[in-house]
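Colleague: Below you will find the structure I want to go over with you.
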Amino acid sequence: MRVNGSNGGADSRRPFKVLTPAVKVLIDLSVLYPHPPHHSGRYTAEGFDVRTVVPGDLTEWSMTVDGDWIGRVTYQLMSKDRCETVTHWVPSRVLKRLH
């Protein structure tokens, strides 16, 4: 099953598809959280690391009103001294199936 750039096998006639069991995926946080044009921020060692690829669980697919696929994922967002479990919808282009 290909995840990146596709609906990962979700039925194109149904806008929602629950995945049981969850599918293990890699989430490219640098694509999910891109730098804005002309970014001028400074490195902060204590901040969340959003320039990495993290493993996560894909539990559902949904189609947007524009016909794009988004996946509901849960993953760990890490900083120097903190770890947060995050669950939200992300574009399919940031997901890759973990083999």
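Letters for chains follow the order of the structure tokens (A, B, ...), residue numbers begin at 1 for each chain, and ligand numbers begin at 1 in the order shown.
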I need the residues of chain A that end up classed as helix (DSSP H, G or I) by DSSP on the backbone, written out as a PyMOL selection string.
Modeller: chain A and resi 29-32+92-94
Colleague: Filtering to C-alpha atoms, could you give me those residues as an mmCIF file, in the first residue's frame?
Modeller:
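File again.cif, as written:
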```cif
data_model
loop_
_atom_site.group_PDB
_atom_site.id
_atom_site.type_symbol
_atom_site.label_atom_id
_atom_site.label_comp_id
_atom_site.auth_asym_id
_atom_site.auth_seq_id
_atom_site.Cartn_x
_atom_site.Cartn_y
_atom_site.Cartn_z
ATOM 1 C CA LEU A 29 7.415 17.367 9.823
ATOM 2 C CA SER A 30 9.558 19.694 7.673
ATOM 3 C CA VAL A 31 6.907 19.464 4.934
ATOM 4 C CA LEU A 32 4.035 19.708 7.418
ATOM 5 C CA SER A 92 -1.176 12.766 2.394
ATOM 6 C CA ARG A 93 2.028 14.228 0.888
ATOM 7 C CA VAL A 94 3.721 14.242 4.332
#
```
Colleague: Assign secondary structure with DSSP using the backbone only, and return the residues of chain A in strand (DSSP E) as an NGL selection string.
Modeller: :A and (16-28 or 53-63 or 69-78 or 83-91 or 95-97)
Colleague: Rounded to one decimal in Å, what is the spacing between CA of Met78 in chain A and CA of Val90 in chain A?
Modeller: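 Between CA of Met78 in chain A and CA of Val90 in chain A the gap works out to 17.7 Å.
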Colleague: Find the residues around Glu60 in chain A up to 9 Å (only C-alpha atoms counted), leave out those fewer than 3 positions away in its own chain, and share them as a compact mmCIF listing (two decimals) with C-alpha atoms, in the first residue's frame.
Modeller:
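Output file out-v8.txt follows:
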```txt
# COMPACT_ATOMS: atom_id res chain seq x y z
CA PHE A 16 -14.02 8.82 5.26
CA LYS A 17 -12.16 5.54 5.75
CA VAL A 18 -11.24 4.22 9.22
CA LEU A 19 -8.14 2.02 9.25
CA THR A 20 -8.28 -0.93 11.63
CA ALA A 22 -3.73 1.61 12.39
CA ILE A 70 -5.75 13.88 4.44
CA GLY A 71 -4.81 11.34 7.10
CA ARG A 72 -5.55 11.35 10.83
CA VAL A 73 -2.25 10.58 12.55
CA TRP A 89 -5.22 15.63 10.22
```
Colleague: Interatomic distance between CA of Thr52 in chain A and CA of His99 in chain A?
Modeller: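 Answer for the CA of Thr52 in chain A to CA of His99 in chain A separation: 18.3 Å.
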Colleague: Point out the residue among A:Arg82, A:Asp28, A:Thr87, A:Pro21 with the least atom-to-atom distance to Val50 in chain A, counting only C-alpha atoms.
Modeller: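 Among the listed residues, A:Asp28 lies closest to Val50 in chain A.
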Colleague: Taking only C-alpha atoms into account, which of A:Pro15, A:Gly47, A:Pro55, A:Pro34 comes nearest Leu98 in chain A?
Modeller: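 That would be A:Pro55, the residue with the smallest distance to Leu98 in chain A.
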Colleague: Report, in Å to a single decimal, how far apart CA of Ser62 in chain A and CA of Leu77 in chain A are.
Modeller: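 Separation of CA of Leu77 in chain A and CA of Ser62 in chain A: 22.6 Å.
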